[in-house]
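J.: coords-v6.tsv is reproduced in full below (TSV, C-alpha atoms).
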chain	number	residue	atom	x	y	z
A	1	MET	CA	-97.82	-85.62	-19.74
A	2	MET	CA	-96.05	-82.31	-20.41
A	3	ALA	CA	-99.42	-80.56	-20.78
A	4	LEU	CA	-100.56	-81.91	-17.41
A	5	TYR	CA	-97.28	-80.83	-15.82
A	6	HIS	CA	-97.64	-77.25	-17.13
A	7	LEU	CA	-101.28	-77.23	-16.09
A	8	GLY	CA	-100.21	-78.12	-12.53
A	9	LEU	CA	-97.81	-75.18	-12.50
A	10	LEU	CA	-100.53	-72.78	-13.66
A	11	ARG	CA	-103.11	-73.98	-11.10
A	12	PRO	CA	-102.03	-71.60	-8.26
A	13	LEU	CA	-102.14	-68.59	-10.58
A	14	LEU	CA	-105.54	-69.59	-11.93
A	15	PHE	CA	-106.81	-70.09	-8.38
A	16	GLN	CA	-105.57	-66.64	-7.35
A	17	SER	CA	-107.21	-64.95	-10.33
A	18	LEU	CA	-110.51	-66.80	-9.78
A	19	VAL	CA	-110.73	-65.91	-6.07
A	20	LYS	CA	-109.80	-62.29	-6.76
A	21	HIS	CA	-112.67	-61.88	-9.25
A	22	ILE	CA	-115.26	-63.79	-7.24
A	23	ARG	CA	-114.51	-62.37	-3.72
A	24	PRO	CA	-112.77	-58.97	-3.78
A	25	PRO	CA	-110.67	-58.32	-0.64
A	26	LEU	CA	-112.77	-55.53	0.87
A	27	ALA	CA	-112.71	-56.55	4.52
A	28	THR	CA	-110.27	-58.08	6.92
A	29	SER	CA	-112.36	-61.24	7.26
A	30	THR	CA	-112.31	-61.75	3.44
A	31	ILE	CA	-108.57	-61.22	3.32
A	32	ASN	CA	-107.96	-63.63	6.16
A	33	SER	CA	-110.00	-66.34	4.41
A	34	GLN	CA	-107.94	-65.80	1.24
A	35	LEU	CA	-104.73	-66.11	3.17
A	36	LEU	CA	-105.92	-69.39	4.65
A	37	LEU	CA	-107.23	-70.82	1.38
A	38	HIS	CA	-104.46	-69.76	-0.98
A	39	PRO	CA	-102.00	-72.60	-1.62
A	40	ASN	CA	-98.97	-70.28	-1.75
A	41	ASN	CA	-100.14	-68.20	1.27
A	42	ILE	CA	-99.69	-64.96	-0.69
A	43	SER	CA	-100.12	-61.86	1.49
A	44	TYR	CA	-101.84	-58.62	0.49
A	45	PRO	CA	-100.47	-55.18	1.44
A	46	HIS	CA	-103.90	-53.75	2.20
A	47	ALA	CA	-104.60	-56.48	4.78
A	48	ALA	CA	-102.45	-54.66	7.31
A	49	VAL	CA	-104.31	-51.43	6.57
A	50	CYS	CA	-107.70	-52.99	7.28
A	51	THR	CA	-106.44	-54.65	10.44
A	52	THR	CA	-105.00	-51.35	11.67
A	53	ARG	CA	-108.26	-49.56	11.02
A	54	LEU	CA	-110.25	-52.17	12.93
A	55	TYR	CA	-107.77	-52.03	15.81
A	56	ALA	CA	-107.99	-48.23	15.94
A	57	THR	CA	-111.79	-48.42	15.99
A	58	LYS	CA	-111.79	-50.90	18.88
A	59	LYS	CA	-109.30	-48.76	20.76
A	60	ALA	CA	-111.46	-45.65	20.31
A	61	LYS	CA	-114.56	-47.53	21.49
A	62	ALA	CA	-112.74	-48.82	24.56
A	63	LYS	CA	-111.56	-45.30	25.38
A	64	ALA	CA	-115.06	-43.90	24.96
A	65	LYS	CA	-116.45	-46.69	27.16
A	66	GLY	CA	-113.95	-45.84	29.91
A	67	GLN	CA	-115.03	-42.20	29.98
A	68	SER	CA	-118.31	-41.96	31.85
A	69	ALA	CA	-120.69	-39.34	30.55
A	70	LYS	CA	-121.34	-36.35	32.78
A	71	VAL	CA	-124.72	-36.14	34.46
A	72	ASN	CA	-126.45	-32.83	35.08
A	73	ILE	CA	-129.79	-33.39	36.76
A	74	ASN	CA	-132.25	-30.57	37.36
A	75	SER	CA	-132.50	-30.69	41.15
A	76	SER	CA	-136.16	-29.62	41.08
A	77	LEU	CA	-137.08	-32.80	39.17
A	78	VAL	CA	-135.79	-35.13	41.89
A	79	GLU	CA	-136.84	-33.21	45.01
A	80	ASP	CA	-139.06	-36.12	46.09
A	81	ILE	CA	-135.96	-38.36	46.03
A	82	ILE	CA	-133.34	-36.07	47.58
A	83	SER	CA	-132.45	-32.40	47.79
A	84	LEU	CA	-129.29	-32.12	45.70
A	85	ASP	CA	-128.94	-28.49	46.76
A	86	GLU	CA	-128.73	-29.54	50.41
A	87	VAL	CA	-126.17	-32.22	49.58
A	88	LYS	CA	-124.12	-29.65	47.69
A	89	GLY	CA	-124.37	-27.30	50.66
A	90	GLU	CA	-123.09	-29.97	53.05
A	91	MET	CA	-120.19	-30.78	50.75
A	92	THR	CA	-119.32	-27.10	50.36
A	93	ALA	CA	-119.38	-26.74	54.15
A	94	VAL	CA	-116.61	-29.36	54.36
A	95	VAL	CA	-114.40	-27.19	52.16
A	96	SER	CA	-115.21	-24.06	54.17
A	97	ALA	CA	-114.33	-25.85	57.41
A	98	LEU	CA	-111.01	-26.94	55.92
A	99	LYS	CA	-110.21	-23.36	54.89
A	100	ASP	CA	-110.94	-22.18	58.43
A	101	GLU	CA	-108.77	-24.93	59.88
A	102	PHE	CA	-105.89	-23.98	57.61
A	103	THR	CA	-106.18	-20.31	58.60
A	104	ARG	CA	-106.60	-20.99	62.30
A	105	SER	CA	-104.01	-23.72	62.87
A	106	LEU	CA	-101.40	-23.44	60.14
A	107	SER	CA	-100.01	-19.96	60.59
A	108	ILE	CA	-96.26	-19.69	59.99
A	109	ARG	CA	-95.97	-16.51	62.01
A	110	THR	CA	-97.43	-16.90	65.50
A	111	SER	CA	-99.48	-13.89	66.61
A	112	ALA	CA	-101.96	-13.15	69.37
A	113	GLY	CA	-104.83	-13.71	66.94
A	114	ALA	CA	-103.46	-17.12	66.00
A	115	LEU	CA	-104.16	-18.33	69.56
A	116	ASP	CA	-107.77	-17.16	69.68
A	117	HIS	CA	-109.31	-20.41	68.49
A	118	VAL	CA	-107.03	-22.92	70.22
A	119	VAL	CA	-109.55	-25.36	71.72
A	120	VAL	CA	-109.25	-25.85	75.47
A	121	THR	CA	-110.84	-28.96	76.98
A	122	THR	CA	-112.25	-28.38	80.48
A	123	PRO	CA	-114.58	-30.37	82.76
A	124	ASP	CA	-117.37	-28.06	81.60
A	125	GLY	CA	-116.72	-28.64	77.91
A	126	LYS	CA	-114.53	-27.36	75.08
A	127	PHE	CA	-113.95	-23.63	74.63
A	128	PRO	CA	-111.79	-21.42	72.40
A	129	LEU	CA	-108.92	-19.89	74.34
A	130	ASN	CA	-110.08	-16.31	73.76
A	131	GLN	CA	-113.26	-17.08	75.74
A	132	LEU	CA	-111.25	-18.18	78.79
A	133	GLY	CA	-108.35	-15.74	78.84
A	134	GLN	CA	-107.17	-12.36	77.59
A	135	ILE	CA	-104.53	-12.76	74.86
A	136	SER	CA	-102.05	-9.98	74.10
A	137	MET	CA	-98.61	-9.41	72.56
A	138	LYS	CA	-96.16	-8.47	75.31
A	139	SER	CA	-93.38	-8.07	72.75
A	140	PRO	CA	-92.69	-9.28	69.18
A	141	MET	CA	-91.26	-12.46	70.70
A	142	LEU	CA	-93.71	-13.07	73.57
A	143	ILE	CA	-97.50	-13.60	73.84
A	144	MET	CA	-99.25	-13.36	77.21
A	145	VAL	CA	-102.49	-15.16	78.14
A	146	ASN	CA	-104.15	-13.82	81.28
A	147	MET	CA	-106.33	-16.54	82.82
A	148	THR	CA	-107.54	-14.50	85.83
A	149	SER	CA	-111.20	-14.86	84.80
A	150	PHE	CA	-110.97	-18.66	84.70
A	151	PRO	CA	-107.95	-19.64	86.79
A	152	GLU	CA	-109.13	-23.25	87.08
A	153	ALA	CA	-108.61	-23.61	83.28
A	154	THR	CA	-105.00	-22.38	83.30
A	155	THR	CA	-103.41	-25.84	83.23
A	156	ALA	CA	-105.80	-27.04	80.52
A	157	ALA	CA	-105.11	-23.93	78.44
A	158	ALA	CA	-101.33	-24.42	78.69
A	159	ARG	CA	-101.76	-28.05	77.63
A	160	ALA	CA	-103.91	-27.05	74.64
A	161	LEU	CA	-101.26	-24.55	73.52
A	162	ARG	CA	-98.51	-27.13	73.87
A	163	GLU	CA	-100.45	-29.75	71.89
A	164	SER	CA	-101.42	-27.36	69.10
A	165	SER	CA	-99.71	-27.54	65.73
A	166	MET	CA	-97.95	-24.19	66.24
A	167	ASN	CA	-94.81	-25.54	67.89
A	168	LEU	CA	-95.48	-23.64	71.13
A	169	ASN	CA	-93.77	-24.09	74.48
A	170	PRO	CA	-95.93	-22.17	77.04
A	171	GLU	CA	-94.77	-21.37	80.55
A	172	VAL	CA	-97.25	-21.03	83.43
A	173	ASP	CA	-96.73	-18.28	86.02
A	174	GLY	CA	-99.73	-18.31	88.37
A	175	THR	CA	-102.69	-17.37	86.21
A	176	ILE	CA	-100.48	-15.98	83.45
A	177	ILE	CA	-99.35	-18.13	80.55
A	178	LYS	CA	-96.25	-16.89	78.74
A	179	VAL	CA	-95.97	-18.09	75.15
A	180	PRO	CA	-92.60	-17.45	73.43
A	181	VAL	CA	-93.01	-16.91	69.69
A	182	PRO	CA	-91.12	-19.78	68.00
A	183	LYS	CA	-88.61	-19.22	65.23
A	184	VAL	CA	-89.77	-20.28	61.79
A	185	THR	CA	-87.48	-23.19	60.93
A	186	ARG	CA	-87.54	-25.51	57.95
A	187	GLU	CA	-88.50	-28.35	60.27
A	188	HIS	CA	-91.45	-26.34	61.59
A	189	ARG	CA	-92.64	-25.62	58.05
A	190	GLU	CA	-92.43	-29.32	57.14
A	191	ASN	CA	-94.34	-30.27	60.28
A	192	LEU	CA	-97.07	-27.80	59.40
A	193	SER	CA	-97.32	-29.24	55.87
A	194	LYS	CA	-97.84	-32.71	57.41
A	195	VAL	CA	-100.59	-31.30	59.61
A	196	ALA	CA	-102.18	-29.73	56.52
A	197	LYS	CA	-102.23	-33.18	54.90
A	198	GLN	CA	-103.92	-34.62	57.99
A	199	PHE	CA	-106.55	-31.89	57.92
A	200	SER	CA	-107.28	-32.52	54.24
A	201	ASN	CA	-107.61	-36.28	54.86
A	202	LYS	CA	-110.13	-35.60	57.64
A	203	ALA	CA	-112.02	-33.30	55.28
A	204	LYS	CA	-112.20	-36.09	52.69
A	205	GLU	CA	-113.51	-38.45	55.36
A	206	SER	CA	-116.27	-35.96	56.15
A	207	LEU	CA	-116.99	-35.63	52.43
A	208	ARG	CA	-117.29	-39.41	52.06
A	209	LYS	CA	-119.80	-39.48	54.93
A	210	VAL	CA	-121.91	-36.80	53.24
A	211	ARG	CA	-121.80	-38.72	49.94
A	212	SER	CA	-122.61	-42.05	51.62
A	213	ASN	CA	-125.57	-40.60	53.52
A	214	ALA	CA	-126.90	-38.98	50.36
A	215	VAL	CA	-126.64	-42.22	48.35
A	216	THR	CA	-128.38	-44.15	51.16
A	217	GLN	CA	-131.20	-41.59	51.16
A	218	ALA	CA	-131.57	-41.87	47.39
A	219	LYS	CA	-131.73	-45.67	47.52
A	220	LYS	CA	-134.50	-45.51	50.13
A	221	ALA	CA	-136.63	-43.61	47.62
A	222	LYS	CA	-136.68	-46.48	45.08
A	223	GLU	CA	-140.40	-47.01	45.51
A	224	GLY	CA	-142.21	-45.06	42.83
A	225	HIS	CA	-139.06	-44.37	40.83
A	226	SER	CA	-137.25	-46.33	38.14
A	227	GLU	CA	-133.87	-47.89	38.85
A	228	ASP	CA	-132.39	-45.80	36.04
A	229	THR	CA	-133.52	-42.59	37.75
A	230	ILE	CA	-132.01	-43.66	41.08
A	231	ARG	CA	-128.75	-44.60	39.36
A	232	LEU	CA	-128.60	-41.17	37.69
A	233	VAL	CA	-129.13	-39.47	41.05
A	234	GLU	CA	-126.37	-41.57	42.61
A	235	LYS	CA	-124.09	-40.70	39.74
A	236	GLN	CA	-124.85	-36.99	40.18
A	237	ILE	CA	-124.00	-37.26	43.89
A	238	GLN	CA	-120.70	-38.99	43.07
A	239	GLN	CA	-119.81	-36.29	40.54
A	240	MET	CA	-120.47	-33.60	43.14
A	241	ALA	CA	-118.26	-35.43	45.64
A	242	ASP	CA	-115.48	-35.83	43.07
A	243	SER	CA	-115.60	-32.10	42.32
A	244	VAL	CA	-115.34	-31.17	46.01
A	245	ALA	CA	-112.53	-33.69	46.53
A	246	ALA	CA	-110.64	-31.95	43.71
A	247	ASP	CA	-111.19	-28.61	45.49
A	248	ILE	CA	-109.72	-30.10	48.68
A	249	ASP	CA	-106.66	-31.27	46.76
A	250	LYS	CA	-106.20	-27.78	45.31
A	251	LEU	CA	-106.46	-26.19	48.75
A	252	LEU	CA	-103.88	-28.61	50.13
A	253	ALA	CA	-101.50	-27.99	47.23
A	254	ALA	CA	-101.75	-24.21	47.68
A	255	LYS	CA	-101.28	-24.41	51.46
A	256	THR	CA	-98.33	-26.77	51.16
A	257	LYS	CA	-96.67	-24.44	48.68
A	258	GLU	CA	-97.26	-21.50	51.03
A	259	LEU	CA	-95.81	-23.35	54.02
A	260	LEU	CA	-92.71	-24.69	52.28
A	261	GLN	CA	-91.67	-21.73	50.15
Would you mind writing the file out in structure tokens?

T.:
Amino acid sequence: MMALYHLGLLRPLLFQSLVKHIRPPLATSTINSQLLLHPNNISYPHAAVCTTRLYATKKAKAKAKGQSAKVNINSSLVEDIISLDEVKGEMTAVVSALKDEFTRSLSIRTSAGALDHVVVTTPDGKFPLNQLGQISMKSPMLIMVNMTSFPEATTAAARALRESSMNLNPEVDGTIIKVPVPKVTREHRENLSKVAKQFSNKAKESLRKVRSNAVTQAKKAKEGHSEDTIRLVEKQIQQMADSVAADIDKLLAAKTKELLQ
């Protein structure tokens, strides 16, 4: 009886030694099976190491999966699908238009030249102010707009100046529009920065239209081309749009800094 009792006490140790020699703990799955099978549920220090390594590998794979690979298609190879150069040109034009809008409409210091491109809406169409009237600086604090050549557009011109983003308060005297140069206040600067944000949002809308039209054109060319090729073209178009959108954000940040400093 004593021999059987001692044998029962030695059984767990014998079991541990036998499993260790038959199935070495080289992988997490092996270790986990040992932990489940072992009567005393003895843990192994290197189990945590293996688990950590597997976790790190999964994490790295997930990160790599989340990062989409860059596409760089030779535009000449997909000319029969779409002209990527033309798409790029249209997207670049959006940025150029935004730069012009910033320069034309978001001047802190009002000058005669700043009024040149104020758009005046008339029954005959829309025209820049400098095509309807003669603009000059009467003094450092006063701009004069002589509307003698188109007197019928005087009221419309005054309204366009008042509704511009330059914080102007024009006064009409016959065919002469007097435009006092406003003081540069903090409120005026903040208002201009809000207008800059509006302009950049409109630019992004235009950019989205260019991207959407380009993608639609690419999808129409599916006949004769593999789906993988079309998907790569669409991805290239999206990358181009993302790059231009980033340029718009940079322009806005720079203009906002200029206006608020």

J.: Nearest to A:Lys194: which of A:Val71, A:Ala253, A:Leu161, A:Val95 is it, counting all atoms listed in the file?

T.: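 Between A:Val71, A:Ala253, A:Leu161, A:Val95, the residue approaching A:Lys194 most closely is A:Ala253.
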
J.: Atom CA of A:Glu86 and atom CA of A:Gln217, how far apart in Å?

T.: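 So the two atoms, atom CA of A:Gln217 and atom CA of A:Glu86, lie 12.3 Å apart.
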
J.: As a PDB file with C-alpha atoms, in the coordinates of the input, please: the residues near A:Glu90 (cut-off 12 Å, all atoms listed in the file, same-chain neighbours under 5 positions excluded).

T.:
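Okay, out_7.pdb is ready:
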ATOM      1  CA  SER A  83    -132.450 -32.400  47.790  1.00  0.00           C
ATOM      2  CA  LEU A  84    -129.290 -32.120  45.700  1.00  0.00           C
ATOM      3  CA  ASP A  85    -128.940 -28.490  46.760  1.00  0.00           C
ATOM      4  CA  VAL A  95    -114.400 -27.190  52.160  1.00  0.00           C
ATOM      5  CA  SER A  96    -115.210 -24.060  54.170  1.00  0.00           C
ATOM      6  CA  ALA A  97    -114.330 -25.850  57.410  1.00  0.00           C
ATOM      7  CA  ALA A 203    -112.020 -33.300  55.280  1.00  0.00           C
ATOM      8  CA  SER A 206    -116.270 -35.960  56.150  1.00  0.00           C
ATOM      9  CA  LEU A 207    -116.990 -35.630  52.430  1.00  0.00           C
ATOM     10  CA  ARG A 208    -117.290 -39.410  52.060  1.00  0.00           C
ATOM     11  CA  LYS A 209    -119.800 -39.480  54.930  1.00  0.00           C
ATOM     12  CA  VAL A 210    -121.910 -36.800  53.240  1.00  0.00           C
ATOM     13  CA  ARG A 211    -121.800 -38.720  49.940  1.00  0.00           C
ATOM     14  CA  ASN A 213    -125.570 -40.600  53.520  1.00  0.00           C
ATOM     15  CA  ALA A 214    -126.900 -38.980  50.360  1.00  0.00           C
ATOM     16  CA  ILE A 237    -124.000 -37.260  43.890  1.00  0.00           C
ATOM     17  CA  MET A 240    -120.470 -33.600  43.140  1.00  0.00           C
ATOM     18  CA  ALA A 241    -118.260 -35.430  45.640  1.00  0.00           C
ATOM     19  CA  VAL A 244    -115.340 -31.170  46.010  1.00  0.00           C
TER      20      VAL A 244
END

J.: Go ahead and compute the interatomic distance for atom CA of A:Val120 and atom CA of A:Phe150, in Å to one decimal.

T.: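 Atom CA of A:Phe150 lies 11.8 Å from atom CA of A:Val120.
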
J.: As a short mmCIF file (atom, residue, chain, number, x, y, z; two decimals), in the coordinates of the input, could you write out stretch 214-234 of chain A once it has been completed with N, CA, C and O atoms?

T.:
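In the end it all went to out-v3.cif:
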data_model
loop_
_atom_site.label_atom_id
_atom_site.label_comp_id
_atom_site.auth_asym_id
_atom_site.auth_seq_id
_atom_site.Cartn_x
_atom_site.Cartn_y
_atom_site.Cartn_z
N ALA A 214 -126.05 -39.42 51.47
CA ALA A 214 -126.90 -38.98 50.36
C ALA A 214 -127.30 -40.16 49.47
O ALA A 214 -128.46 -40.29 49.06
N VAL A 215 -126.35 -41.03 49.19
CA VAL A 215 -126.64 -42.22 48.35
C VAL A 215 -127.64 -43.12 49.07
O VAL A 215 -128.57 -43.66 48.45
N THR A 216 -127.46 -43.32 50.37
CA THR A 216 -128.38 -44.15 51.16
C THR A 216 -129.79 -43.57 51.10
O THR A 216 -130.78 -44.30 50.93
N GLN A 217 -129.89 -42.25 51.22
CA GLN A 217 -131.20 -41.59 51.16
C GLN A 217 -131.84 -41.79 49.80
O GLN A 217 -133.05 -42.05 49.70
N ALA A 218 -131.04 -41.69 48.74
CA ALA A 218 -131.57 -41.87 47.39
C ALA A 218 -132.07 -43.30 47.18
O ALA A 218 -133.13 -43.52 46.57
N LYS A 219 -131.34 -44.27 47.69
CA LYS A 219 -131.73 -45.67 47.52
C LYS A 219 -133.03 -45.99 48.26
O LYS A 219 -133.80 -46.85 47.84
N LYS A 220 -133.27 -45.29 49.38
CA LYS A 220 -134.50 -45.51 50.13
C LYS A 220 -135.73 -45.03 49.38
O LYS A 220 -136.86 -45.42 49.69
N ALA A 221 -135.51 -44.18 48.38
CA ALA A 221 -136.63 -43.61 47.62
C ALA A 221 -136.92 -44.40 46.34
O ALA A 221 -137.52 -43.87 45.41
N LYS A 222 -136.49 -45.68 46.29
CA LYS A 222 -136.68 -46.48 45.08
C LYS A 222 -138.16 -46.69 44.74
O LYS A 222 -138.53 -46.77 43.57
N GLU A 223 -138.98 -46.78 45.76
CA GLU A 223 -140.40 -47.01 45.51
C GLU A 223 -141.01 -45.82 44.76
O GLU A 223 -140.93 -44.68 45.20
N GLY A 224 -141.59 -46.12 43.63
CA GLY A 224 -142.21 -45.06 42.83
C GLY A 224 -141.27 -44.44 41.81
O GLY A 224 -141.67 -43.54 41.08
N HIS A 225 -140.03 -44.91 41.79
CA HIS A 225 -139.06 -44.37 40.83
C HIS A 225 -138.33 -45.51 40.13
O HIS A 225 -138.10 -46.57 40.73
N SER A 226 -137.95 -45.29 38.89
CA SER A 226 -137.25 -46.33 38.14
C SER A 226 -135.82 -46.47 38.65
O SER A 226 -135.25 -45.53 39.22
N GLU A 227 -135.26 -47.64 38.44
CA GLU A 227 -133.87 -47.89 38.85
C GLU A 227 -132.92 -46.98 38.10
O GLU A 227 -131.90 -46.54 38.64
N ASP A 228 -133.24 -46.69 36.83
CA ASP A 228 -132.39 -45.80 36.04
C ASP A 228 -132.34 -44.40 36.65
O ASP A 228 -131.28 -43.76 36.70
N THR A 229 -133.48 -43.92 37.13
CA THR A 229 -133.52 -42.59 37.75
C THR A 229 -132.67 -42.55 39.01
O THR A 229 -131.89 -41.62 39.23
N ILE A 230 -132.80 -43.59 39.84
CA ILE A 230 -132.01 -43.66 41.08
C ILE A 230 -130.53 -43.72 40.77
O ILE A 230 -129.72 -43.05 41.43
N ARG A 231 -130.17 -44.49 39.74
CA ARG A 231 -128.75 -44.60 39.36
C ARG A 231 -128.21 -43.25 38.89
O ARG A 231 -127.06 -42.88 39.19
N LEU A 232 -129.03 -42.49 38.15
CA LEU A 232 -128.60 -41.17 37.69
C LEU A 232 -128.39 -40.21 38.87
O LEU A 232 -127.44 -39.43 38.90
N VAL A 233 -129.27 -40.31 39.85
CA VAL A 233 -129.13 -39.47 41.05
C VAL A 233 -127.85 -39.82 41.79
O VAL A 233 -127.09 -38.95 42.22
N GLU A 234 -127.60 -41.13 41.94
CA GLU A 234 -126.37 -41.57 42.61
C GLU A 234 -125.14 -41.10 41.86
O GLU A 234 -124.14 -40.69 42.47
#
